[in-house]
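Enquirer: I'd like to ask you about the structure that follows.
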Amino acid sequence: MSKLARILVLGLAALMIVSGCSNESKNSATDEENQDVMRFSVTLPTYGVDNPNSLVGKEWHKRMEAYMGKKVEIDYNYIPSSEYDEKVKLMIASDDLTDFFVTPLFYDTSEMAGQGQLLELAQYTDLMPNYMNYISKVKNGMKRVTNADGEMYTFMETSTPRFPEDRGMLIQNTSSYRYDVFQANHIEIPQTLDEFYEAAKSLKKLYPDKYPVATKWNSLRSLFSANHIKDEIFWNGEKYVYGVLEEGFKDALQFANKLYADKLLDPEYTIDTDDTLKRKALNGDNLMWLTQWFTTPAEYTRTANDGKIFAVSLYPDNPKYGKAWQEVVNGNTPDLGWATYGLSSKVKNPEELIKFIDYQYSDEMIRLITWGIEGTTYTIGEDGLPTFVDSLKNAKDPWLEGDKYGMRASRNHNPGLQMVSDARAFVDFAATDYTVFNGKYEEVPIEKSPFLTSLPMPENEYVPSWLSEPSIQLTGDENQRISEIMNPVKTFVTEEQAKFVAGKSSFDDWQEFIDKVQTMGAIDEALKIYNDAAQRVTAN
């Protein structure tokens, strides 16, 4: 080798060493930088507001960085609430999940768990002191968050008490009426289904080009509740039964069919969205609602701001079954909400993310998320409890005013990971509702209604049997079998229900429909799984 060649080789070797050292230095710097930054992705529903950059959203982020001791970078995937469930189901089907996500409402995650899509959380309970402390206060808390094998695949939303333990009935679905129209035409707010039908007929005569009756969520649930059933498997006080096979299901559809046949029920009830319902309500196209979310009618009233009054009332009774059962939820003791939250099994640093999530259940975060910032949105009263500042409580629309700050108690905001809230804030912050209970009209927040707050709990004639159902735990195999049996049955029943209401199927063929339901799915087997699980609970 020539002298020049040797020099070139040695020079190249030296360059490679320097380059290697440089790359190693860069990699070390990158690793060190990554250790100082926590990064994860989330999928959350939104009501069209900028949660991360609201006043409370920014404060939440700052406090979480202080708690974690490092910078936190969150990749937010916000989906409009009206599209959320369907889009997340597509994400689940394609296995394209973010690190953290809210599951679709009432979604059965057992199949996801079986497919290995969800991180099993019970192995990390030592990293969840705040969550486990809350669960310990909930009746049968651990049984409700784990399956029969002791596995835990989701976090649950909190539901802190709004009322004393022994009184105050919380209902979150109601029937609703255009109170001003009823008053102007001397029509009484219905107390029974027969009165509901007669009121609808009277309005049809007055407004022949309108469909007086509509319903939210494309649902006939108020009719089922009037007949003391659900259109699914439910606890009847003694055992689990399938409501579709009960007499009350047929009675409910026959009543709905009567409304439909007389052109009283809006034929678009099966496809109406929240937006179309609101438009029709404000235009006066519908005047009675079998089912509504309990605060929505007052929002309609404030939006219209022209003398229209949308009032709420209890579901009307069917005297054949007694007082209509209302959609009562536990507002009297610590409980779990409807929402569930999953972690992808592909999370790179589960311990760190679980620590982050657990802090959402701390007293500090619950107060911040719900009440906002002390001195700005709330103060501490003489009783030591928070209360919103007068500028918020005395606003014409407190929820809209609260949106300026972005705490959970306002109308559209849900800062942070949307997991926690202090329900007392909703009572303190409650805007005026328009209520008719026991024939008496009042303008009062529904959660401060003298009628509802005076009712004893949990024993009163409006409380449904399923409020006291046992906290059953199904195994993974049992959940899978239930899905195999019930999913095709549910699809069939939903389709046939609409046909019966619209008169496309005859009630003369009802037994044929029932036979089809029983033969297409092993309903008895599904019920046995549920009732065996109930036996396991009572035996312990």
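Here, A, B, ... name the chains of the structure tokens in the order displayed, residue numbers run from 1 inside each chain, and ligands are numbered from 1 in the same displayed order.
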Counting only C-alpha atoms, what is within 9 Å of segment 328-337 of chain A, bar same-chain residues fewer than 5 positions away, as an MDAnalysis selection string?
Expert: chainID A and resid 134:135 137:139 141 144 156:173 423 457:458 462:464 467
Enquirer: Write to file, as a compact mmCIF listing (two decimals), in the first residue's frame, the residues of the selection just made, with N, CA, C and O atoms.
Expert:
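The file below, part-v1.txt, is the result:
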```txt
# COMPACT_ATOMS: atom_id res chain seq x y z
N TYR A 134 -61.20 6.03 45.26
CA TYR A 134 -62.57 6.36 44.87
C TYR A 134 -63.40 5.10 44.72
O TYR A 134 -64.55 5.04 45.19
N ILE A 135 -62.85 4.09 44.06
CA ILE A 135 -63.60 2.84 43.85
C ILE A 135 -64.01 2.23 45.18
O ILE A 135 -65.09 1.63 45.31
N LYS A 137 -65.09 3.65 47.71
CA LYS A 137 -66.26 4.35 48.26
C LYS A 137 -67.54 3.99 47.52
O LYS A 137 -68.64 4.34 47.97
N VAL A 138 -67.41 3.35 46.37
CA VAL A 138 -68.56 2.99 45.54
C VAL A 138 -69.08 1.62 45.96
O VAL A 138 -68.31 0.68 46.14
N LYS A 139 -70.38 1.50 46.09
CA LYS A 139 -70.97 0.22 46.45
C LYS A 139 -70.59 -0.83 45.41
O LYS A 139 -70.80 -0.64 44.21
N GLY A 141 -67.80 -1.52 44.32
CA GLY A 141 -66.96 -0.83 43.35
C GLY A 141 -66.04 -1.75 42.57
O GLY A 141 -66.01 -1.71 41.34
N ARG A 144 -67.63 -3.91 40.04
CA ARG A 144 -68.17 -3.19 38.88
C ARG A 144 -67.09 -2.76 37.90
O ARG A 144 -67.41 -2.38 36.76
N MET A 156 -63.23 4.12 34.81
CA MET A 156 -64.62 4.56 34.78
C MET A 156 -64.73 6.03 35.16
O MET A 156 -63.96 6.54 35.97
N GLU A 157 -65.73 6.67 34.59
CA GLU A 157 -66.08 8.04 34.95
C GLU A 157 -66.58 8.08 36.40
O GLU A 157 -67.22 7.13 36.86
N THR A 158 -66.30 9.15 37.10
CA THR A 158 -66.81 9.28 38.47
C THR A 158 -68.20 9.90 38.46
O THR A 158 -68.62 10.56 37.52
N SER A 159 -68.92 9.68 39.54
CA SER A 159 -70.25 10.27 39.71
C SER A 159 -70.45 10.55 41.20
O SER A 159 -70.96 9.71 41.94
N THR A 160 -70.01 11.71 41.63
CA THR A 160 -70.10 12.06 43.04
C THR A 160 -71.53 12.47 43.40
O THR A 160 -72.30 12.88 42.54
N PRO A 161 -71.92 12.37 44.68
CA PRO A 161 -73.31 12.63 45.06
C PRO A 161 -73.74 14.08 44.83
O PRO A 161 -72.96 15.01 45.02
N ARG A 162 -74.99 14.24 44.45
CA ARG A 162 -75.59 15.56 44.31
C ARG A 162 -76.55 15.86 45.45
O ARG A 162 -76.81 17.02 45.76
N PHE A 163 -77.11 14.79 46.03
CA PHE A 163 -78.15 14.93 47.04
C PHE A 163 -77.75 14.18 48.30
O PHE A 163 -76.82 13.38 48.29
N PRO A 164 -78.48 14.39 49.41
CA PRO A 164 -78.26 13.56 50.60
C PRO A 164 -78.52 12.10 50.28
O PRO A 164 -79.17 11.76 49.29
N GLU A 165 -78.04 11.22 51.15
CA GLU A 165 -78.12 9.79 50.89
C GLU A 165 -79.55 9.28 50.87
O GLU A 165 -79.87 8.32 50.15
N ASP A 166 -80.46 9.90 51.62
CA ASP A 166 -81.79 9.33 51.80
C ASP A 166 -82.91 10.05 51.06
O ASP A 166 -84.06 9.65 51.13
N ARG A 167 -82.59 11.11 50.33
CA ARG A 167 -83.67 11.80 49.61
C ARG A 167 -83.08 12.59 48.44
O ARG A 167 -81.89 12.89 48.39
N GLY A 168 -83.99 12.91 47.48
CA GLY A 168 -83.58 13.63 46.29
C GLY A 168 -83.39 12.67 45.13
O GLY A 168 -82.44 11.92 45.10
N MET A 169 -84.32 12.68 44.19
CA MET A 169 -84.29 11.75 43.06
C MET A 169 -83.71 12.43 41.83
O MET A 169 -84.22 13.45 41.37
N LEU A 170 -82.64 11.87 41.31
CA LEU A 170 -81.99 12.42 40.12
C LEU A 170 -82.50 11.68 38.88
O LEU A 170 -82.33 10.48 38.75
N ILE A 171 -83.14 12.42 37.98
CA ILE A 171 -83.57 11.86 36.70
C ILE A 171 -82.87 12.64 35.60
O ILE A 171 -82.78 13.86 35.66
N GLN A 172 -82.39 11.94 34.60
CA GLN A 172 -81.67 12.61 33.53
C GLN A 172 -82.35 12.47 32.18
O GLN A 172 -81.86 12.98 31.19
N ASN A 173 -83.49 11.79 32.15
CA ASN A 173 -84.35 11.77 30.97
C ASN A 173 -85.77 12.09 31.43
O ASN A 173 -86.19 11.66 32.51
N ALA A 423 -70.24 16.48 41.08
CA ALA A 423 -71.64 16.71 40.69
C ALA A 423 -72.28 17.87 41.45
O ALA A 423 -73.25 18.45 40.97
N MET A 457 -85.29 8.33 48.96
CA MET A 457 -84.47 7.44 48.13
C MET A 457 -83.82 6.37 49.01
O MET A 457 -83.47 6.65 50.16
N PRO A 458 -83.68 5.17 48.48
CA PRO A 458 -84.01 4.76 47.11
C PRO A 458 -85.42 4.19 46.95
O PRO A 458 -85.75 3.67 45.89
N TYR A 462 -91.37 5.69 41.83
CA TYR A 462 -90.82 6.00 40.51
C TYR A 462 -89.52 5.25 40.21
O TYR A 462 -89.05 5.24 39.08
N VAL A 463 -88.93 4.64 41.22
CA VAL A 463 -87.61 4.02 41.08
C VAL A 463 -87.75 2.66 40.39
O VAL A 463 -88.47 1.79 40.86
N PRO A 464 -87.05 2.45 39.26
CA PRO A 464 -87.17 1.19 38.53
C PRO A 464 -86.42 0.06 39.22
O PRO A 464 -85.49 0.28 40.00
N LEU A 467 -82.43 -0.26 39.17
CA LEU A 467 -81.54 0.58 39.96
C LEU A 467 -80.87 -0.23 41.07
O LEU A 467 -79.80 0.12 41.55
```
Enquirer: Considering only C-alpha atoms, return as a list in words whatever protein or nucleic-acid residues lie within 8 Å of segment 428-440 of chain A, sequence-local ones (same chain, fewer than 3 positions apart) excluded.
Expert: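 What passes the distance filter is Ile189, Thr295, Pro297, Ala298, Ile309, Phe310, Ala311, Val312, Ser313, Leu314, Thr387, Phe388, Leu392, Lys393, Asp397, Pro398, Trp399, Ala409, Arg424, Ala425, Glu443, Val444, Pro445, Ile446, Glu447 and Phe451 of chain A.
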Enquirer: Would you mind telling me which residue in A:Thr109, A:Thr291, A:Ser175, A:Ser202 lies nearest to Ser219 of chain A when using only C-alpha atoms?
Expert: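 Between A:Thr109, A:Thr291, A:Ser175, A:Ser202, the residue approaching Ser219 of chain A most closely is A:Thr291.
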Enquirer: Based on the backbone DSSP call, show me all residues of segment 346-537 of chain A assigned helix (DSSP H, G or I), as a ChimeraX atom specification.
Expert: /A:350-361,363-371,390-393,398-402,423-429,446-448,450-454,465-468,476-502,507-520,523-537
Enquirer: Convert the current residue selection to file output with C-alpha atoms, as a compact mmCIF listing (two decimals), in the first residue's frame.
Expert:
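What follows is the written file result.txt:
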```
# COMPACT_ATOMS: atom_id res chain seq x y z
CA PRO A 350 -47.91 2.31 30.58
CA GLU A 351 -46.66 3.00 34.12
CA GLU A 352 -46.12 6.67 33.37
CA LEU A 353 -49.47 7.11 31.62
CA ILE A 354 -51.34 5.28 34.39
CA LYS A 355 -49.75 7.58 36.96
CA PHE A 356 -50.91 10.53 34.86
CA ILE A 357 -54.45 9.16 34.56
CA ASP A 358 -54.71 8.28 38.23
CA TYR A 359 -54.09 11.88 39.24
CA GLN A 360 -57.27 12.87 37.44
CA TYR A 361 -59.13 11.20 40.32
CA ASP A 363 -59.34 15.91 44.92
CA GLU A 364 -57.23 18.65 43.36
CA MET A 365 -57.99 17.66 39.78
CA ILE A 366 -61.67 16.96 40.41
CA ARG A 367 -62.09 20.45 41.86
CA LEU A 368 -60.08 22.15 39.11
CA ILE A 369 -61.81 20.37 36.24
CA THR A 370 -65.31 20.99 37.61
CA TRP A 371 -65.14 24.28 39.47
CA ASP A 390 -72.06 35.59 41.58
CA SER A 391 -71.16 36.80 38.08
CA LEU A 392 -71.59 33.21 36.91
CA LYS A 393 -74.58 32.15 39.00
CA PRO A 398 -74.71 30.54 33.52
CA TRP A 399 -73.55 27.66 31.32
CA LEU A 400 -72.80 29.97 28.40
CA GLU A 401 -71.02 32.40 30.70
CA GLY A 402 -69.03 29.53 32.14
CA ALA A 423 -71.64 16.71 40.69
CA ARG A 424 -72.34 19.34 43.36
CA ALA A 425 -71.06 21.90 40.87
CA PHE A 426 -73.87 21.10 38.45
CA VAL A 427 -76.41 21.81 41.17
CA ASP A 428 -74.68 25.01 42.28
CA PHE A 429 -74.37 26.17 38.69
CA ILE A 446 -84.60 20.63 37.92
CA GLU A 447 -82.00 19.53 40.47
CA LYS A 448 -83.47 22.06 42.91
CA PRO A 450 -88.97 20.91 45.53
CA PHE A 451 -90.83 17.88 44.20
CA LEU A 452 -87.74 15.88 43.19
CA THR A 453 -85.53 16.90 46.09
CA SER A 454 -88.19 15.87 48.63
CA SER A 465 -86.17 -2.32 39.50
CA TRP A 466 -82.87 -2.14 37.65
CA LEU A 467 -81.54 0.58 39.96
CA SER A 468 -80.96 -2.17 42.54
CA GLY A 476 -64.49 -13.17 29.16
CA ASP A 477 -66.09 -16.31 27.72
CA GLU A 478 -69.49 -15.32 29.11
CA ASN A 479 -69.24 -11.83 27.62
CA GLN A 480 -68.28 -13.29 24.27
CA ARG A 481 -71.20 -15.72 24.32
CA ILE A 482 -73.65 -12.96 25.27
CA SER A 483 -72.41 -10.91 22.31
CA GLU A 484 -72.76 -13.88 19.96
CA ILE A 485 -76.33 -14.46 21.08
CA MET A 486 -77.65 -10.95 21.53
CA ASN A 487 -76.01 -8.84 18.80
CA PRO A 488 -77.97 -10.35 15.90
CA VAL A 489 -81.13 -10.41 18.02
CA LYS A 490 -80.77 -6.69 18.84
CA THR A 491 -80.34 -5.84 15.17
CA PHE A 492 -83.42 -7.85 14.21
CA VAL A 493 -85.56 -6.42 17.02
CA THR A 494 -84.60 -2.83 16.16
CA GLU A 495 -85.63 -3.34 12.55
CA GLU A 496 -88.87 -5.10 13.42
CA GLN A 497 -89.77 -2.57 16.11
CA ALA A 498 -89.75 0.23 13.52
CA LYS A 499 -91.91 -1.88 11.20
CA PHE A 500 -94.53 -2.53 13.88
CA VAL A 501 -94.69 1.16 14.78
CA ALA A 502 -95.00 2.23 11.14
CA PHE A 507 -99.63 -7.12 15.36
CA ASP A 508 -101.64 -10.13 14.19
CA ASP A 509 -98.23 -11.64 13.46
CA TRP A 510 -96.80 -10.81 16.88
CA GLN A 511 -96.34 -14.42 17.97
CA GLU A 512 -94.45 -15.14 14.77
CA PHE A 513 -92.11 -12.26 15.66
CA ILE A 514 -91.61 -13.60 19.20
CA ASP A 515 -90.94 -17.09 17.86
CA LYS A 516 -88.35 -15.68 15.48
CA VAL A 517 -86.61 -13.83 18.33
CA GLN A 518 -86.48 -16.99 20.42
CA THR A 519 -85.24 -19.23 17.62
CA MET A 520 -82.64 -16.93 16.08
CA ILE A 523 -82.21 -16.21 24.70
CA ASP A 524 -82.62 -18.73 27.51
CA GLU A 525 -78.88 -19.37 27.47
CA ALA A 526 -78.14 -15.63 27.66
CA LEU A 527 -80.52 -15.22 30.58
CA LYS A 528 -79.00 -18.21 32.34
CA ILE A 529 -75.55 -16.60 32.06
CA TYR A 530 -76.87 -13.42 33.64
CA ASN A 531 -78.82 -15.17 36.37
CA ASP A 532 -75.96 -17.53 37.20
CA ALA A 533 -73.75 -14.48 37.59
CA ALA A 534 -76.37 -12.98 39.91
CA GLN A 535 -76.34 -16.18 41.94
CA ARG A 536 -72.58 -15.91 42.29
CA VAL A 537 -72.99 -12.43 43.73
```
Enquirer: Taking only C-alpha atoms into account, which of A:Ser110, A:Asn414, A:Asn349, A:Ser222 comes nearest Gly372 of chain A?
Expert: A:Asn414
Enquirer: So, with only C-alpha atoms as the atoms that count, which of A:Asp262, A:Trp293, A:Val181, A:Pro456 lies closest to Glu198 of chain A?
Expert: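 Of A:Asp262, A:Trp293, A:Val181, A:Pro456, the one nearest Glu198 of chain A, counting only C-alpha atoms, is A:Asp262.
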Enquirer: Excluding same-chain residues fewer than 3 positions from Asn227 of chain A, what lies within 6 Å of it counting only C-alpha atoms, as a PyMOL selection string?
Expert: chain A and resi 224+248+321
Enquirer: Selected residues, all heavy atoms, written as a PDB file, in the first residue's frame, please.
Expert:
```pdb
ATOM      1  N   PHE A 224     -91.531   2.162  27.280  1.00  0.00           N
ATOM      2  CA  PHE A 224     -91.107   0.952  27.973  1.00  0.00           C
ATOM      3  C   PHE A 224     -91.101   1.170  29.485  1.00  0.00           C
ATOM      4  O   PHE A 224     -91.547   0.301  30.249  1.00  0.00           O
ATOM      5  CB  PHE A 224     -89.721   0.527  27.494  1.00  0.00           C
ATOM      6  CG  PHE A 224     -89.635   0.274  26.014  1.00  0.00           C
ATOM      7  CD1 PHE A 224     -88.518   0.662  25.290  1.00  0.00           C
ATOM      8  CD2 PHE A 224     -90.671  -0.343  25.344  1.00  0.00           C
ATOM      9  CE1 PHE A 224     -88.437   0.431  23.925  1.00  0.00           C
ATOM     10  CE2 PHE A 224     -90.604  -0.581  23.971  1.00  0.00           C
ATOM     11  CZ  PHE A 224     -89.478  -0.191  23.265  1.00  0.00           C
ATOM     12  N   GLY A 248     -95.344  -5.918  28.264  1.00  0.00           N
ATOM     13  CA  GLY A 248     -95.222  -4.469  28.173  1.00  0.00           C
ATOM     14  C   GLY A 248     -94.545  -3.989  26.909  1.00  0.00           C
ATOM     15  O   GLY A 248     -94.771  -2.845  26.475  1.00  0.00           O
ATOM     16  N   TYR A 321     -99.897  -0.658  34.508  1.00  0.00           N
ATOM     17  CA  TYR A 321     -98.684  -1.095  35.198  1.00  0.00           C
ATOM     18  C   TYR A 321     -98.377  -0.265  36.447  1.00  0.00           C
ATOM     19  O   TYR A 321     -97.436  -0.564  37.170  1.00  0.00           O
ATOM     20  CB  TYR A 321     -97.495  -1.034  34.233  1.00  0.00           C
ATOM     21  CG  TYR A 321     -97.640  -1.972  33.054  1.00  0.00           C
ATOM     22  CD1 TYR A 321     -98.208  -1.538  31.859  1.00  0.00           C
ATOM     23  CD2 TYR A 321     -97.249  -3.300  33.143  1.00  0.00           C
ATOM     24  CE1 TYR A 321     -98.362  -2.394  30.780  1.00  0.00           C
ATOM     25  CE2 TYR A 321     -97.399  -4.170  32.070  1.00  0.00           C
ATOM     26  CZ  TYR A 321     -97.965  -3.708  30.887  1.00  0.00           C
ATOM     27  OH  TYR A 321     -98.117  -4.563  29.831  1.00  0.00           O
TER      28      TYR A 321
END
```
Enquirer: Calculated over only C-alpha atoms, which of the candidates A:Ala395, A:Ala200, A:Met91, A:Leu105 has the smallest distance to Leu264 of chain A?
Expert: A:Ala200
Enquirer: Here is a test: counting only C-alpha atoms, which residue of A:Asn218, A:Lys210, A:Leu265, A:Gly384 is nearest to Asn283 of chain A?
Expert: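 Residue with the minimum atom-to-atom distance to Asn283 of chain A: A:Lys210.
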Enquirer: Suppose you want the space between atom CA of Pro212 of chain A and atom CA of Asp285 of chain A; what is it in Å?
Expert: 7.0 Å
Enquirer: So which bits of segment 43-199 of chain A end up strand (DSSP E) when you DSSP the backbone, as a ChimeraX atom specification?
Expert: /A:43-46,71-80,100-102,155-159,170-171,173-178
Enquirer: Under the rule that only C-alpha atoms are counted, which of A:Gly116, A:Lys87, A:Leu417, A:Ile373 is the nearest residue to Asp75 of chain A?
Expert: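 Of A:Gly116, A:Lys87, A:Leu417, A:Ile373, the one nearest Asp75 of chain A, counting only C-alpha atoms, is A:Leu417.
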Enquirer: Would you mind listing what lies within 7 Å of Val37 of chain A as a PyMOL selection string, with only C-alpha atoms counted and same-chain residues fewer than 5 positions away left out?
Expert: chain A and resi 70-72
Enquirer: Could you please take those selected residues and save N, CA, C and O atoms as a tab-separated table (two decimals), in the first residue's frame?
Expert:
```
chain	number	residue	atom	x	y	z
A	70	LYS	N	-42.17	16.93	34.49
A	70	LYS	CA	-41.58	17.04	33.15
A	70	LYS	C	-42.58	17.69	32.21
A	70	LYS	O	-43.78	17.83	32.52
A	71	LYS	N	-42.10	18.05	31.06
A	71	LYS	CA	-42.97	18.60	30.04
A	71	LYS	C	-43.90	17.52	29.52
A	71	LYS	O	-43.50	16.36	29.37
A	72	VAL	N	-45.15	17.88	29.25
A	72	VAL	CA	-46.14	16.93	28.75
A	72	VAL	C	-46.64	17.41	27.39
A	72	VAL	O	-47.10	18.54	27.26
```
Enquirer: What does the distance from atom CA of Leu119 of chain A to atom CA of Glu73 of chain A come to in Å, to one decimal?
Expert: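 Between these atoms lies a distance of 21.2 Å.
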